[in-house]
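J.: Let me give you the structure first, and then I'll get to my questions.
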Amino acid sequence: MQPFTRRVIHIIQNIPEGYVMTYGQIAEAAGSPRGARQVVRILHSMSAAHKLPWHRVVNAKGMIALMDEESRFKQILYLSSEGVLADEEGRVDLEQHRYQPGEDFSWPDEEEH
DNA sequence: GCCATGGCTAGTA
DNA sequence: GCCATGGCTAGTA
């Protein structure tokens with residue numbers, strides 16, 4: 001696994017309950033400000049294997065980005081169970097729920113697989 | 001080639 | 001609604 005991929009996974013795993021991050025935010029935090037689509041790709045292909053809280057990731061407008069009805073419903077359900085409510089459009093309040101990793105944020109050790 | 005983006009513009013109301 | 005974006009993988013040479 002490449003360093004960028006490893007960092008993205010680590011960041012997503014550390015989004016606390018009740019918060020969300022955007023694709024672009026995660027890409028930037030992982031060191032690649034224009035890598036939002038990679039974050040998409042990683043979420044799409046690695047969420048299950050790494051047990052990622054994929055539902056805590058939304059697009060830059062705060063919208064649920066999934067098109068599939070079932071996944072969409074599931075994401076809204078998971079979020080609401082954590083206190084993050086989506087409106088009819090599928091938008092959450094970023095002002096209130098956006099997570100910013102603090103300065104105490106630590107990267108995993110390299111030896112960690 | 002994939003992909004669950006993002007940011008900007010054209011064009012409508 | 002258009003289109004530039006990019007790290008990675010699959011698949012070919």
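In the structure tokens, chains take letters A, B, ... by order of appearance, with residues numbered from 1 within each chain and ligands from 1 in the order shown.
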Identify, on the basis of only C-alpha atoms (C1' of nucleotides), every residue whose closest approach to DC3 (chain C) does not exceed 12 Å; exclude the query and any residue fewer than 4 positions from it along the same chain; express the result as a PyMOL selection string.
T.: chain B and resi 5-9
J.: Do a neighbour search on DA4 (chain B) at 12 Å with only C-alpha atoms (C1' of nucleotides), toss out local chain neighbours closer than 3 positions, and write the hits as number ranges by chain.
T.: A: 22-23, 36-45, 47, 54-60, 63-68, 71-72, 75
J.: Contacts of Val92 (chain A) at 10 Å or less, counting only C-alpha atoms (C1' of nucleotides), minus same-chain residues fewer than 6 places along, as a list of chain:residue names?
T.: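 The contact residues come out as A:Val20, A:Val58, A:Lys61, A:Gly62, A:Met63, A:Ile64, A:Ile76, A:Leu79, A:Ser80, A:Val84, A:Leu85, A:Ala86, A:Arg98.
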J.: Write out as a PyMOL selection string all residues of region 36-94 of chain A that DSSP puts in alpha helix (DSSP H) for this structure's backbone.
T.: chain A and resi 36-46+69-81+94
J.: Could you write out that same residue set with N, CA, C and O atoms as a short mmCIF file (atom, residue, chain, number, x, y, z; two decimals), in the first residue's frame?
T.:
```cif
data_model
loop_
_atom_site.label_atom_id
_atom_site.label_comp_id
_atom_site.auth_asym_id
_atom_site.auth_seq_id
_atom_site.Cartn_x
_atom_site.Cartn_y
_atom_site.Cartn_z
N ALA A 36 -8.73 14.43 -4.18
CA ALA A 36 -10.06 14.03 -3.71
C ALA A 36 -10.58 12.77 -4.38
O ALA A 36 -11.22 11.93 -3.74
N ARG A 37 -10.30 12.63 -5.66
CA ARG A 37 -10.81 11.45 -6.37
C ARG A 37 -10.13 10.17 -5.91
O ARG A 37 -10.71 9.09 -6.00
N GLN A 38 -8.91 10.30 -5.44
CA GLN A 38 -8.25 9.12 -4.89
C GLN A 38 -8.94 8.68 -3.61
O GLN A 38 -9.07 7.50 -3.34
N VAL A 39 -9.36 9.67 -2.84
CA VAL A 39 -10.09 9.37 -1.61
C VAL A 39 -11.38 8.62 -1.97
O VAL A 39 -11.74 7.64 -1.33
N VAL A 40 -12.01 9.05 -3.02
CA VAL A 40 -13.21 8.35 -3.52
C VAL A 40 -12.86 6.91 -3.86
O VAL A 40 -13.55 5.98 -3.45
N ARG A 41 -11.82 6.75 -4.61
CA ARG A 41 -11.42 5.42 -5.04
C ARG A 41 -11.12 4.50 -3.85
O ARG A 41 -11.53 3.35 -3.81
N ILE A 42 -10.39 5.06 -2.90
CA ILE A 42 -10.02 4.29 -1.71
C ILE A 42 -11.26 3.90 -0.91
O ILE A 42 -11.41 2.75 -0.49
N LEU A 43 -12.17 4.84 -0.72
CA LEU A 43 -13.40 4.53 0.01
C LEU A 43 -14.19 3.44 -0.71
O LEU A 43 -14.68 2.51 -0.09
N HIS A 44 -14.27 3.58 -2.01
CA HIS A 44 -15.03 2.63 -2.81
C HIS A 44 -14.47 1.22 -2.71
O HIS A 44 -15.21 0.26 -2.55
N SER A 45 -13.16 1.10 -2.79
CA SER A 45 -12.57 -0.23 -2.89
C SER A 45 -12.03 -0.80 -1.58
O SER A 45 -11.76 -1.98 -1.50
N MET A 46 -11.87 0.04 -0.55
CA MET A 46 -11.23 -0.47 0.66
C MET A 46 -12.03 -0.30 1.94
O MET A 46 -11.54 -0.67 3.02
N GLU A 69 -29.34 4.08 -4.19
CA GLU A 69 -30.38 4.37 -3.20
C GLU A 69 -30.16 3.67 -1.86
O GLU A 69 -30.35 4.26 -0.80
N GLU A 70 -29.79 2.40 -1.95
CA GLU A 70 -29.63 1.62 -0.71
C GLU A 70 -28.46 2.15 0.14
O GLU A 70 -28.58 2.33 1.35
N SER A 71 -27.32 2.40 -0.52
CA SER A 71 -26.15 2.91 0.19
C SER A 71 -26.43 4.29 0.76
O SER A 71 -26.02 4.63 1.87
N ARG A 72 -27.14 5.05 -0.02
CA ARG A 72 -27.51 6.40 0.38
C ARG A 72 -28.36 6.39 1.65
O ARG A 72 -28.09 7.11 2.61
N PHE A 73 -29.34 5.53 1.63
CA PHE A 73 -30.23 5.37 2.77
C PHE A 73 -29.44 4.94 4.00
O PHE A 73 -29.62 5.46 5.10
N LYS A 74 -28.54 3.99 3.79
CA LYS A 74 -27.72 3.47 4.88
C LYS A 74 -26.85 4.57 5.48
O LYS A 74 -26.73 4.69 6.70
N GLN A 75 -26.27 5.38 4.61
CA GLN A 75 -25.40 6.45 5.10
C GLN A 75 -26.18 7.46 5.95
O GLN A 75 -25.72 7.87 7.01
N ILE A 76 -27.35 7.82 5.45
CA ILE A 76 -28.18 8.77 6.20
C ILE A 76 -28.59 8.18 7.55
O ILE A 76 -28.58 8.86 8.57
N LEU A 77 -28.90 6.89 7.54
CA LEU A 77 -29.28 6.19 8.77
C LEU A 77 -28.13 6.17 9.78
O LEU A 77 -28.31 6.53 10.95
N TYR A 78 -26.94 5.77 9.32
CA TYR A 78 -25.77 5.72 10.21
C TYR A 78 -25.46 7.09 10.79
O TYR A 78 -25.21 7.23 11.98
N LEU A 79 -25.49 8.09 9.92
CA LEU A 79 -25.17 9.44 10.37
C LEU A 79 -26.17 9.92 11.42
O LEU A 79 -25.78 10.48 12.45
N SER A 80 -27.44 9.69 11.14
CA SER A 80 -28.46 10.18 12.08
C SER A 80 -28.33 9.46 13.42
O SER A 80 -28.58 10.06 14.46
N SER A 81 -27.91 8.20 13.40
CA SER A 81 -27.73 7.48 14.66
C SER A 81 -26.57 8.05 15.47
O SER A 81 -26.44 7.79 16.67
N LEU A 94 -22.22 21.28 7.64
CA LEU A 94 -20.77 21.22 7.80
C LEU A 94 -20.26 22.17 8.89
O LEU A 94 -19.29 21.87 9.58
#
```
J.: Among chain A, which ones does DSSP assign to strand (DSSP E or B) (computed from the backbone)? Answer as a list in words.
T.: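 Those residues are Val20, Met21, Thr22, Val57, Val58, Met63, Ala86, Arg91, Val92 and Arg98 of chain A.
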J.: Restricting the output to all heavy atoms, write the selected residues as a PDB file, in the first residue's frame.
T.:
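That gives us selection_17.pdb:
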```
ATOM      1  N   VAL A  20     -18.089  14.643  10.377  1.00  0.00           N
ATOM      2  CA  VAL A  20     -17.837  14.236   8.994  1.00  0.00           C
ATOM      3  C   VAL A  20     -16.619  14.985   8.459  1.00  0.00           C
ATOM      4  O   VAL A  20     -16.235  16.017   9.005  1.00  0.00           O
ATOM      5  CB  VAL A  20     -19.041  14.548   8.070  1.00  0.00           C
ATOM      6  CG1 VAL A  20     -20.281  13.778   8.484  1.00  0.00           C
ATOM      7  CG2 VAL A  20     -19.323  16.054   8.036  1.00  0.00           C
ATOM      8  N   MET A  21     -16.016  14.444   7.422  1.00  0.00           N
ATOM      9  CA  MET A  21     -14.979  15.170   6.684  1.00  0.00           C
ATOM     10  C   MET A  21     -15.355  15.106   5.209  1.00  0.00           C
ATOM     11  O   MET A  21     -16.094  14.222   4.793  1.00  0.00           O
ATOM     12  CB  MET A  21     -13.593  14.532   6.893  1.00  0.00           C
ATOM     13  CG  MET A  21     -12.987  14.834   8.259  1.00  0.00           C
ATOM     14  SD  MET A  21     -11.315  14.128   8.460  1.00  0.00           S
ATOM     15  CE  MET A  21     -10.297  15.332   7.571  1.00  0.00           C
ATOM     16  N   THR A  22     -14.794  16.040   4.421  1.00  0.00           N
ATOM     17  CA  THR A  22     -15.057  16.024   2.981  1.00  0.00           C
ATOM     18  C   THR A  22     -13.900  15.294   2.276  1.00  0.00           C
ATOM     19  O   THR A  22     -12.809  15.175   2.833  1.00  0.00           O
ATOM     20  CB  THR A  22     -15.169  17.447   2.411  1.00  0.00           C
ATOM     21  OG1 THR A  22     -13.890  18.089   2.477  1.00  0.00           O
ATOM     22  CG2 THR A  22     -16.191  18.263   3.185  1.00  0.00           C
ATOM     23  N   VAL A  57     -17.997  10.492   5.466  1.00  0.00           N
ATOM     24  CA  VAL A  57     -17.358  11.277   4.410  1.00  0.00           C
ATOM     25  C   VAL A  57     -18.423  11.798   3.437  1.00  0.00           C
ATOM     26  O   VAL A  57     -19.240  11.031   2.921  1.00  0.00           O
ATOM     27  CB  VAL A  57     -16.318  10.439   3.641  1.00  0.00           C
ATOM     28  CG1 VAL A  57     -15.581  11.311   2.639  1.00  0.00           C
ATOM     29  CG2 VAL A  57     -15.324   9.799   4.612  1.00  0.00           C
ATOM     30  N   VAL A  58     -18.416  13.111   3.224  1.00  0.00           N
ATOM     31  CA  VAL A  58     -19.378  13.760   2.322  1.00  0.00           C
ATOM     32  C   VAL A  58     -18.624  14.676   1.365  1.00  0.00           C
ATOM     33  O   VAL A  58     -17.425  14.877   1.537  1.00  0.00           O
ATOM     34  CB  VAL A  58     -20.413  14.594   3.127  1.00  0.00           C
ATOM     35  CG1 VAL A  58     -21.246  13.692   4.019  1.00  0.00           C
ATOM     36  CG2 VAL A  58     -19.718  15.670   3.940  1.00  0.00           C
ATOM     37  N   MET A  63     -22.977  17.315   0.963  1.00  0.00           N
ATOM     38  CA  MET A  63     -23.973  16.382   0.433  1.00  0.00           C
ATOM     39  C   MET A  63     -23.495  14.939   0.478  1.00  0.00           C
ATOM     40  O   MET A  63     -22.321  14.660   0.250  1.00  0.00           O
ATOM     41  CB  MET A  63     -24.275  16.713  -1.031  1.00  0.00           C
ATOM     42  CG  MET A  63     -24.783  18.115  -1.282  1.00  0.00           C
ATOM     43  SD  MET A  63     -26.533  18.310  -0.941  1.00  0.00           S
ATOM     44  CE  MET A  63     -27.233  17.246  -2.204  1.00  0.00           C
ATOM     45  N   ALA A  86     -29.293  14.698   8.119  1.00  0.00           N
ATOM     46  CA  ALA A  86     -29.285  15.149   6.728  1.00  0.00           C
ATOM     47  C   ALA A  86     -30.675  15.673   6.378  1.00  0.00           C
ATOM     48  O   ALA A  86     -31.683  15.114   6.815  1.00  0.00           O
ATOM     49  CB  ALA A  86     -28.919  13.994   5.804  1.00  0.00           C
ATOM     50  N   ARG A  91     -28.223  16.696   2.649  1.00  0.00           N
ATOM     51  CA  ARG A  91     -27.129  17.580   3.038  1.00  0.00           C
ATOM     52  C   ARG A  91     -27.008  17.651   4.558  1.00  0.00           C
ATOM     53  O   ARG A  91     -28.009  17.771   5.252  1.00  0.00           O
ATOM     54  CB  ARG A  91     -27.384  18.990   2.488  1.00  0.00           C
ATOM     55  CG  ARG A  91     -26.210  19.941   2.682  1.00  0.00           C
ATOM     56  CD  ARG A  91     -26.626  21.384   2.474  1.00  0.00           C
ATOM     57  NE  ARG A  91     -27.376  21.566   1.231  1.00  0.00           N
ATOM     58  CZ  ARG A  91     -26.815  21.873   0.056  1.00  0.00           C
ATOM     59  NH1 ARG A  91     -25.541  22.077  -0.037  1.00  0.00           N
ATOM     60  NH2 ARG A  91     -27.578  21.998  -1.011  1.00  0.00           N
ATOM     61  N   VAL A  92     -25.780  17.597   5.031  1.00  0.00           N
ATOM     62  CA  VAL A  92     -25.544  17.756   6.468  1.00  0.00           C
ATOM     63  C   VAL A  92     -24.926  19.124   6.731  1.00  0.00           C
ATOM     64  O   VAL A  92     -24.397  19.756   5.812  1.00  0.00           O
ATOM     65  CB  VAL A  92     -24.615  16.644   7.016  1.00  0.00           C
ATOM     66  CG1 VAL A  92     -25.173  15.263   6.701  1.00  0.00           C
ATOM     67  CG2 VAL A  92     -23.200  16.783   6.496  1.00  0.00           C
ATOM     68  N   ARG A  98     -18.314  19.423  10.759  1.00  0.00           N
ATOM     69  CA  ARG A  98     -17.030  19.184  10.087  1.00  0.00           C
ATOM     70  C   ARG A  98     -15.935  18.894  11.107  1.00  0.00           C
ATOM     71  O   ARG A  98     -15.786  19.617  12.092  1.00  0.00           O
ATOM     72  CB  ARG A  98     -16.622  20.399   9.255  1.00  0.00           C
ATOM     73  CG  ARG A  98     -15.358  20.174   8.460  1.00  0.00           C
ATOM     74  CD  ARG A  98     -14.747  21.475   8.040  1.00  0.00           C
ATOM     75  NE  ARG A  98     -15.576  22.222   7.093  1.00  0.00           N
ATOM     76  CZ  ARG A  98     -15.529  22.062   5.776  1.00  0.00           C
ATOM     77  NH1 ARG A  98     -14.713  21.183   5.253  1.00  0.00           N
ATOM     78  NH2 ARG A  98     -16.289  22.784   4.997  1.00  0.00           N
TER      79      ARG A  98
END
```
J.: Suppose you want the space between CA of His10 (chain A) and CA of Asp93 (chain A); what is it in Å?
T.: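 These atoms are spaced 23.8 Å apart.
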J.: When you look at Pro16 (chain A) with a cut-off of 10 Å (counting only C-alpha atoms (C1' of nucleotides)), what residues show up, excluding the ones that are within fewer than 6 positions of it in the same chain? I need them as an mmCIF file with C-alpha atoms, in the first residue's frame.
T.:
```cif
data_model
loop_
_atom_site.group_PDB
_atom_site.id
_atom_site.type_symbol
_atom_site.label_atom_id
_atom_site.label_comp_id
_atom_site.auth_asym_id
_atom_site.auth_seq_id
_atom_site.Cartn_x
_atom_site.Cartn_y
_atom_site.Cartn_z
ATOM 1 C CA PRO A 53 -16.484 4.649 8.828
ATOM 2 C CA ARG A 56 -18.614 10.011 7.766
ATOM 3 C CA GLU A 82 -24.602 9.456 15.500
ATOM 4 C CA TYR A 99 -14.082 17.488 11.740
ATOM 5 C CA PRO A 101 -7.793 16.816 12.831
#
```
J.: So how many Å separate CA of Phe105 (chain A) and CA of Gln13 (chain A), to one decimal?
T.: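 Atom-to-atom, CA of Phe105 (chain A) to CA of Gln13 (chain A), that is 12.2 Å.
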J.: To one decimal place, how far is CA of Ala30 (chain A) from CA of Ile15 (chain A) in Å?
T.: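 Pair CA of Ala30 (chain A) / CA of Ile15 (chain A) returns 13.5 Å.
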